[in-house]
Every structure is written in structure tokens, then in C-alpha cells.
Amino acid sequence: MSANPEAADPKPASLDVLIVGGGVCGTALLFELARYTDLGRILLVERYDALARVNSKATNNSQTIHCGDIETNYTLEKAVRVKRTAEMIVNYAELLDPASRERCVFRTPKMVLGVGERECTFLRERFERFSPHFPAMELLEKPQIAEWEPQVGLVQGELRPEELVAIGIRRTYTAVDYEELSASFVAQAKMAVAGSERQLTVQLGTSVVAITPEGDGYRVELAPTPGCSSAAGEDPRSVWARHVVVNAGAHSLLMAQRMGYGLEYSCLPVAGSFYFTPDLLRGKVYTVQNDKLPFAAIHGDPDVRAPGKTRFGPTALLLPLLERYKPASFWEFLKVLRLDWAVLAVFWQLFRIADIRNYIFKNLLFEVPWLRRRLFLADARKIVPDMRLEDLSFAEGYGGVRPQLIDKANRKLMLGEASIAARPGLVFNVTPSPGGTCCLGNAARDLEAIVERLGCGFDRQRLARELYGETG
């Protein structure tokens, strides 16, 4: 499926809803507005020549549906909440034809692996608390781990000597190509308005220059993105929208702060790098999170875009860029950093914890070309003990940037997403992990606000039935 849909003509100058950002969150909202409301004029603008070029790009994320079952940094409360929205992706996939579904979501086994007495005790206790809410969970002892994942449970053909236990889910939708999912949202949105007088437009290669309140809506200045061909030759233009939703990752915060909103936040971009090996794993294998580290623990899984390869990672590098491999975004980072004593206090809190300080320095060494494979091998052997140095290759061009927000008022690092409701009808969403997993849930939240404000028709029962799986 192409991720570069053509924009429909004519391009309306007066809109019901303007969506800024063509990643998985922006396109999810586009789909829900098209399928479940009767709004007649919807425009999505994306600054690149194709959809899902930043965090939703298949190579820039962990390609995971985060359900909370094997993510050990989730509390039970958060896991149950995320599970409900994560299942929306699975329910949505059932609406697709088989060929489209197979491009978007993938079934594999998955597990979180505990190594050593402390981690094994932790997982056994977690299983007792979580399994009533996640009935597909299984507690795996060493022989079952070896049966599910021979490369994990065995070393030189024998069961590993150290204590092992795992929480596993045998077979479910676990992986997502968020790039393809974004394209499918747009395709389904266009199908929903086909044959009607409703106008749904996707405009690529278009940047937002300014957003200004005007009447009961917003005047938005648009211009072709320099260097993008899809809007080449077009002149800057202005549209007026009754409601504006910005789903542009870290750039949402940048745009909000330009208007004087979200000034209570700073941004700490965390970049992740990955490594490839031959086909070593049948499914996703996560490791137990260090509760002192606010960053993802290493995991391994088959890559949905690289058949025959297993991807391991991520590392976590504090990188002064809003976009990986885009040096010019350094200047944008400086604007959202908003360095002051509150931000420095958070940095001090992080660096004074030995585990975090050592982790940050170690991940800096992961970027040294000759050294990185040798250092990473030691971590990866926790999952695959027989892994050899020659099995590992650095995944060039893989890995994105997660915009971790800093709450300056409370002087703490935020580990979730933020939604900045700037004014009635104007919202800026910053969605780090698991933003992709929650794309349809976040869209439903914004959809409710749009329906309440604009008073449009809304088929609430259809959305509940199709996306939440509710039958009542």
C-alpha cells in the first residue's frame, strides 16, 4: 500500500477540522472522523512528501503493540488502561481485508524473561497480580522457555544454568508496521466518505507557519515545505478551521510554545539504536525493566520489514535533536529545551542516581563504531546466550527519537504522553511511547471533544462496537 496518497481537489479554505501531522496518531483521528462523524470538511496536512516519516516510520520504533502484559515498567492500573486502547488496533485490523491486515499487524508469541533470583521472584509475583486481568498469560519455567524460544532457553544445546522464568503470551497480534497502519487509516477514511459530498483532503509537503485565533475558530497559515516535491509550485495559503488538532510529536510542543502554551514543559529527546542478527527469535522477547531507569529495557524481535532478521535494542542516547539524522533539528531542540534551573534540577536528579548515570555513559559508548558491537553483545547475551560477535550488525538508519517531557513545575521527568489543551478547539498532542499503541484511543478522546464542541453527528455505538469490541 502506498504511503503517499494524493490530495483531493479542491482544497477547502473553510474547514470543520484541521489535523496537523500525518503519523499514526494524526491519521487515526482522520479515520475516526471520517467513519464515525458526519463532518463535511476535514483536512490533514503533513510536512513531508509521505505519511509516517518520523516516529511512525517502520524503522524508527519498536514495531510493538504495548499491551502492558510484558512491559514490566507498567503498573497494573496503567497496564489495564493501555490494554483497552491497544486492543483497538487489533479490532481495527479485523475491519480490513486480509491482504491489508497482513501488511499492518503480525501474530507472534511474546514473553518477558527473568534471569536470576531477583528477576524471577519479581515475575512470579507479577504473574499472580496481572494474570486475572490478562488471562492469556502463561508462567513459563525453563523447559517451556526453551520450547518457545530455543535460542533463549538453551546454551550449547543444554538448558541454561542460571535461574530463568518468563511470562508469555502464546500467540496474539504483537507487532505493527505503524507506517502501513497510517496508510491504511487514510485509505479507510477515504472509503468512508466516497460517494458523498463530504470533503476529506490529505495535503503532503505542507508546513504550518502560524495558527491564530479568529472568531470561533482558527486561521492557519500553510506553506510548501522547502525541498518537498509534493507541494512544489504551490503558493502559501490560509485556511480557517473550527477545530485544530496538532499531532506532530515533539514539534507539537514547539508549535504550542510559539503560541505561548505548554511553557511548563521542556523536552529531553531520547534516541534509540538497534542491531540486527540472523533469524534467532520466533517472537518478541523482552527483559525486566530496571525500575531506576526511565528508559526501555533491551528486547529482541523479528523485524516486520526485514525478513530473516531479528532486531535487538534499543539503546538509549540523550540526543539534542528533535529528529534522528536531521542535524537541523538541533535548533528546534534548543527552543523546546527552555533551559532553566528547573530543567537543570531534573538533570541533576537523573545524574545523581548511579544506575542512570552509568547507563547514560554506557549508551554514549554504544555510539562508538568499533566498540559498540562488543558492548552490546554482553547485553544481548542475556536474551540469547550463544550469540556471537559476528552475528551482530549495527542497524544503520534505524531508530528514532522519543520526546520525553520534563514537567518544570514539579521538576520531574514525565514518562507518558501530554495533551496540551491550549484553547477551546485547539490541542497539541505530544505522544512518546506508547503513543503508537494508543493512537486510536487518543483519537477517540479528541473525537469526543470535537463532537461536543462542534455538535456534529456521531455514531458512538458503531465506534464502540468496531473499535472497543463492545456488544451492548
# chains A, B, ... in the order shown; residues from 1 in each chain; ligands from 1
call {"tool": "closest_atom_pairs", "arguments": {"of": "stretch 155-247 of chain A", "to": "stretch 439-458 of chain A", "cutoff": "8 Å", "atoms": "only C-alpha atoms", "output": "JSON lines"}}
result
{"residue": "A:Arg242", "atom": "CA", "partner": "A:Leu454", "partner_atom": "CA", "distance": 7.8}
{"residue": "A:His243", "atom": "CA", "partner": "A:Ile450", "partner_atom": "CA", "distance": 7.1}
{"residue": "A:Val245", "atom": "CA", "partner": "A:Asp446", "partner_atom": "CA", "distance": 7.9}
call {"tool": "residues_around", "arguments": {"residues": "stretch 136-143 of chain A", "least_positions_apart": "4", "cutoff": "6 Å", "atoms": "only C-alpha atoms", "output": "tab-separated table (two decimals) with C-alpha atoms, in the first residue's frame"}}
result
chain	number	residue	atom	x	y	z
A	131	SER	CA	-2.92	-12.81	35.15
A	164	LEU	CA	15.03	-18.48	34.47
A	165	VAL	CA	11.33	-17.75	34.39
A	166	ALA	CA	9.16	-15.90	31.89
A	167	ILE	CA	5.66	-14.56	31.45
A	168	GLY	CA	4.49	-15.48	27.98
A	169	ILE	CA	1.54	-14.97	25.66
call {"tool": "residues_around", "arguments": {"residues": "A:Ala297", "least_positions_apart": "2", "cutoff": "10 Å", "atoms": "only C-alpha atoms", "output": "ChimeraX atom specification"}}
result
/A:71-73,286-291,293-295,299,313-316
call {"tool": "write_last_selection", "arguments": {"atoms": "N, CA, C and O atoms", "output": "PDB file, in the first residue's frame"}}
result
ATOM      1  N   GLU A  71       5.348  -5.512  29.625  1.00  0.00           N
ATOM      2  CA  GLU A  71       6.102  -4.285  29.885  1.00  0.00           C
ATOM      3  C   GLU A  71       6.185  -4.101  31.400  1.00  0.00           C
ATOM      4  O   GLU A  71       5.236  -3.621  32.029  1.00  0.00           O
ATOM      5  N   THR A  72       7.296  -4.457  31.997  1.00  0.00           N
ATOM      6  CA  THR A  72       7.375  -4.508  33.457  1.00  0.00           C
ATOM      7  C   THR A  72       7.495  -3.139  34.103  1.00  0.00           C
ATOM      8  O   THR A  72       7.473  -3.041  35.338  1.00  0.00           O
ATOM      9  N   ASN A  73       7.627  -2.080  33.316  1.00  0.00           N
ATOM     10  CA  ASN A  73       7.618  -0.737  33.893  1.00  0.00           C
ATOM     11  C   ASN A  73       6.201  -0.202  34.039  1.00  0.00           C
ATOM     12  O   ASN A  73       6.020   0.907  34.530  1.00  0.00           O
ATOM     13  N   TYR A 286      11.177  -9.689  25.704  1.00  0.00           N
ATOM     14  CA  TYR A 286      11.537  -8.512  26.478  1.00  0.00           C
ATOM     15  C   TYR A 286      12.314  -8.938  27.715  1.00  0.00           C
ATOM     16  O   TYR A 286      12.288 -10.106  28.109  1.00  0.00           O
ATOM     17  N   THR A 287      12.997  -8.003  28.338  1.00  0.00           N
ATOM     18  CA  THR A 287      13.691  -8.263  29.603  1.00  0.00           C
ATOM     19  C   THR A 287      13.095  -7.378  30.679  1.00  0.00           C
ATOM     20  O   THR A 287      12.373  -6.410  30.393  1.00  0.00           O
ATOM     21  N   VAL A 288      13.384  -7.709  31.924  1.00  0.00           N
ATOM     22  CA  VAL A 288      12.809  -6.977  33.054  1.00  0.00           C
ATOM     23  C   VAL A 288      13.413  -5.580  33.122  1.00  0.00           C
ATOM     24  O   VAL A 288      14.633  -5.407  33.062  1.00  0.00           O
ATOM     25  N   GLN A 289      12.530  -4.598  33.256  1.00  0.00           N
ATOM     26  CA  GLN A 289      12.957  -3.211  33.326  1.00  0.00           C
ATOM     27  C   GLN A 289      13.611  -2.926  34.668  1.00  0.00           C
ATOM     28  O   GLN A 289      13.133  -3.373  35.715  1.00  0.00           O
ATOM     29  N   ASN A 290      14.713  -2.175  34.640  1.00  0.00           N
ATOM     30  CA  ASN A 290      15.293  -1.637  35.870  1.00  0.00           C
ATOM     31  C   ASN A 290      14.423  -0.465  36.312  1.00  0.00           C
ATOM     32  O   ASN A 290      14.306   0.536  35.606  1.00  0.00           O
ATOM     33  N   ASP A 291      13.781  -0.583  37.481  1.00  0.00           N
ATOM     34  CA  ASP A 291      12.825   0.440  37.900  1.00  0.00           C
ATOM     35  C   ASP A 291      13.488   1.782  38.191  1.00  0.00           C
ATOM     36  O   ASP A 291      12.793   2.792  38.363  1.00  0.00           O
ATOM     37  N   LEU A 293      15.559   3.104  35.993  1.00  0.00           N
ATOM     38  CA  LEU A 293      15.856   3.672  34.676  1.00  0.00           C
ATOM     39  C   LEU A 293      14.564   4.039  33.960  1.00  0.00           C
ATOM     40  O   LEU A 293      13.704   3.178  33.757  1.00  0.00           O
ATOM     41  N   PRO A 294      14.412   5.287  33.545  1.00  0.00           N
ATOM     42  CA  PRO A 294      13.195   5.701  32.853  1.00  0.00           C
ATOM     43  C   PRO A 294      13.245   5.404  31.355  1.00  0.00           C
ATOM     44  O   PRO A 294      12.552   6.046  30.575  1.00  0.00           O
ATOM     45  N   PHE A 295      14.070   4.455  30.946  1.00  0.00           N
ATOM     46  CA  PHE A 295      14.231   4.151  29.531  1.00  0.00           C
ATOM     47  C   PHE A 295      13.943   2.667  29.294  1.00  0.00           C
ATOM     48  O   PHE A 295      14.003   1.846  30.205  1.00  0.00           O
ATOM     49  N   HIS A 299      15.242  -5.542  24.203  1.00  0.00           N
ATOM     50  CA  HIS A 299      14.399  -6.655  23.781  1.00  0.00           C
ATOM     51  C   HIS A 299      14.811  -7.083  22.383  1.00  0.00           C
ATOM     52  O   HIS A 299      15.548  -6.380  21.677  1.00  0.00           O
ATOM     53  N   GLY A 313      17.458  -4.303  20.658  1.00  0.00           N
ATOM     54  CA  GLY A 313      17.627  -2.937  21.139  1.00  0.00           C
ATOM     55  C   GLY A 313      16.407  -2.539  21.962  1.00  0.00           C
ATOM     56  O   GLY A 313      15.643  -3.403  22.390  1.00  0.00           O
ATOM     57  N   PRO A 314      16.179  -1.265  22.192  1.00  0.00           N
ATOM     58  CA  PRO A 314      17.040  -0.180  21.744  1.00  0.00           C
ATOM     59  C   PRO A 314      18.077   0.196  22.802  1.00  0.00           C
ATOM     60  O   PRO A 314      17.919  -0.118  23.974  1.00  0.00           O
ATOM     61  N   THR A 315      19.124   0.859  22.337  1.00  0.00           N
ATOM     62  CA  THR A 315      19.962   1.612  23.260  1.00  0.00           C
ATOM     63  C   THR A 315      19.229   2.922  23.541  1.00  0.00           C
ATOM     64  O   THR A 315      18.196   3.211  22.944  1.00  0.00           O
ATOM     65  N   ALA A 316      19.730   3.715  24.433  1.00  0.00           N
ATOM     66  CA  ALA A 316      19.072   4.987  24.766  1.00  0.00           C
ATOM     67  C   ALA A 316      20.130   6.071  24.871  1.00  0.00           C
ATOM     68  O   ALA A 316      20.964   6.052  25.778  1.00  0.00           O
TER      69      ALA A 316
END
call {"tool": "residues_around", "arguments": {"residues": "stretch 41-52 of chain A", "least_positions_apart": "4", "cutoff": "9 Å", "atoms": "only C-alpha atoms", "output": "number ranges by chain"}}
result
A: 2-5, 11-12, 14-24, 26-27, 30, 33-34, 56-58, 178-180, 182-183, 198-208, 222, 224-225, 228-231, 241, 248
call {"tool": "write_last_selection", "arguments": {"atoms": "C-alpha atoms", "output": "JSON list (two decimals), in the first residue's frame"}}
result
[["chain", "number", "residue", "atom", "x", "y", "z"],
["A", 2, "SER", "CA", 1.35, 3.38, -0.91],
["A", 3, "ALA", "CA", 2.07, 5.75, 1.96],
["A", 4, "ASN", "CA", 1.81, 8.73, -0.40],
["A", 5, "PRO", "CA", -1.88, 9.27, -1.15],
["A", 11, "LYS", "CA", -8.62, 22.21, -1.32],
["A", 12, "PRO", "CA", -11.19, 23.81, 1.01],
["A", 14, "SER", "CA", -13.02, 26.73, 5.35],
["A", 15, "LEU", "CA", -12.83, 23.57, 7.44],
["A", 16, "ASP", "CA", -14.53, 21.76, 10.25],
["A", 17, "VAL", "CA", -11.32, 20.09, 11.47],
["A", 18, "LEU", "CA", -7.66, 20.58, 10.59],
["A", 19, "ILE", "CA", -5.26, 17.81, 11.63],
["A", 20, "VAL", "CA", -1.56, 18.66, 11.66],
["A", 21, "GLY", "CA", 0.70, 15.62, 11.33],
["A", 22, "GLY", "CA", 0.45, 12.53, 9.14],
["A", 23, "GLY", "CA", 1.84, 9.96, 11.54],
["A", 24, "VAL", "CA", -0.17, 7.15, 13.06],
["A", 26, "GLY", "CA", -2.96, 12.07, 13.08],
["A", 27, "THR", "CA", -4.19, 9.53, 10.53],
["A", 30, "LEU", "CA", -8.67, 11.30, 10.35],
["A", 33, "LEU", "CA", -13.70, 11.50, 11.99],
["A", 34, "ALA", "CA", -14.45, 10.13, 8.54],
["A", 56, "SER", "CA", 5.71, 6.24, 12.92],
["A", 57, "LYS", "CA", 8.20, 5.20, 10.26],
["A", 58, "ALA", "CA", 8.71, 1.43, 10.39],
["A", 178, "TYR", "CA", 2.91, 1.74, 12.01],
["A", 179, "GLU", "CA", 3.86, 3.16, 8.63],
["A", 180, "GLU", "CA", 1.47, 0.81, 6.84],
["A", 182, "SER", "CA", -1.03, 5.09, 8.87],
["A", 183, "ALA", "CA", -1.58, 4.48, 5.17],
["A", 198, "ARG", "CA", -18.03, 15.36, 2.23],
["A", 199, "GLN", "CA", -14.55, 16.74, 1.56],
["A", 200, "LEU", "CA", -11.61, 14.86, 3.04],
["A", 201, "THR", "CA", -8.20, 16.09, 1.95],
["A", 202, "VAL", "CA", -4.66, 14.89, 2.67],
["A", 203, "GLN", "CA", -2.09, 17.52, 1.75],
["A", 204, "LEU", "CA", 1.53, 16.41, 1.80],
["A", 205, "GLY", "CA", 4.67, 18.55, 1.70],
["A", 206, "THR", "CA", 2.88, 21.29, 3.62],
["A", 207, "SER", "CA", 4.06, 23.04, 6.77],
["A", 208, "VAL", "CA", 2.14, 25.12, 9.28],
["A", 222, "LEU", "CA", 0.19, 26.98, 5.34],
["A", 224, "PRO", "CA", 5.03, 24.30, 0.94],
["A", 225, "THR", "CA", 7.81, 22.58, 2.88],
["A", 228, "CYS", "CA", 9.41, 18.62, -0.74],
["A", 229, "SER", "CA", 8.16, 17.86, -4.23],
["A", 230, "SER", "CA", 4.52, 17.06, -3.48],
["A", 231, "ALA", "CA", 3.64, 20.73, -2.85],
["A", 241, "ALA", "CA", -10.80, 25.75, 10.81],
["A", 248, "ALA", "CA", 3.31, 16.29, 15.37]]
call {"tool": "atom_distance", "arguments": {"atom1": "atom CA of A:Asp301", "atom2": "atom CA of A:Leu321"}}
result
26.8 Å
call {"tool": "select_by_dssp", "arguments": {"residues": "stretch 94-337 of chain A", "states": "strand (DSSP E)", "output": "ChimeraX atom specification"}}
result
/A:105-115,137-140,154-155,158-159,164-176,199-203,206-214,217-224,237-247,265-271,275-278,284-287,299-302,309-313,317-318
call {"tool": "select_by_dssp", "arguments": {"residues": "stretch 52-209 of chain A", "states": "alpha helix (DSSP H)", "output": "NGL selection string"}}
result
:A and (76-93 or 98-104 or 117-130 or 142-148 or 150-153 or 178-193)
call {"tool": "closest_residue", "arguments": {"among": "A:Asp459, A:Asp379, A:Asp340, A:Glu102", "to": "A:Val90", "atoms": "only C-alpha atoms"}}
result
A:Glu102
call {"tool": "closest_residue", "arguments": {"among": "A:Lys284, A:Pro320, A:Gln461, A:Pro385", "to": "A:Gly157", "atoms": "only C-alpha atoms"}}
result
A:Pro385
call {"tool": "atom_distance", "arguments": {"atom1": "atom CA of A:Gln144", "atom2": "atom CA of A:Val112"}}
result
13.1 Å
call {"tool": "residues_around", "arguments": {"residues": "A:Pro278", "least_positions_apart": "6", "cutoff": "7 Å", "atoms": "only C-alpha atoms", "output": "ChimeraX atom specification"}}
result
/A:308-310,391
call {"tool": "closest_residue", "arguments": {"among": "A:Ser62, A:Gln156, A:Gln257, A:Thr108", "to": "A:Arg171", "atoms": "only C-alpha atoms"}}
result
A:Thr108
call {"tool": "closest_residue", "arguments": {"among": "A:Ala192, A:Ala421, A:Leu426, A:Ala232", "to": "A:Phe31", "atoms": "only C-alpha atoms"}}
result
A:Ala192
call {"tool": "closest_residue", "arguments": {"among": "A:Asp303, A:Glu119, A:Glu332, A:Asp69", "to": "A:Pro135", "atoms": "only C-alpha atoms"}}
result
A:Asp69
call {"tool": "atom_distance", "arguments": {"atom1": "atom CA of A:Ala175", "atom2": "atom CA of A:Val193"}}
result
29.2 Å
call {"tool": "closest_atom_pairs", "arguments": {"of": "stretch 277-329 of chain A", "to": "stretch 259-269 of chain A", "cutoff": "9 Å", "atoms": "only C-alpha atoms", "output": "tab-separated table"}}
result
residue	atom	partner	partner_atom	distance
A:Leu317	CA	A:Pro269	CA	8.4
A:Leu318	CA	A:Pro269	CA	6.0
A:Leu319	CA	A:Pro269	CA	5.8
A:Pro320	CA	A:Pro269	CA	6.5
A:Leu321	CA	A:Pro269	CA	6.7
A:Leu322	CA	A:Pro269	CA	6.5
A:Glu323	CA	A:Pro269	CA	8.7
call {"tool": "closest_residue", "arguments": {"among": "A:Leu113, A:Val152, A:Leu405, A:Val239", "to": "A:Gly217", "atoms": "only C-alpha atoms"}}
result
A:Val239
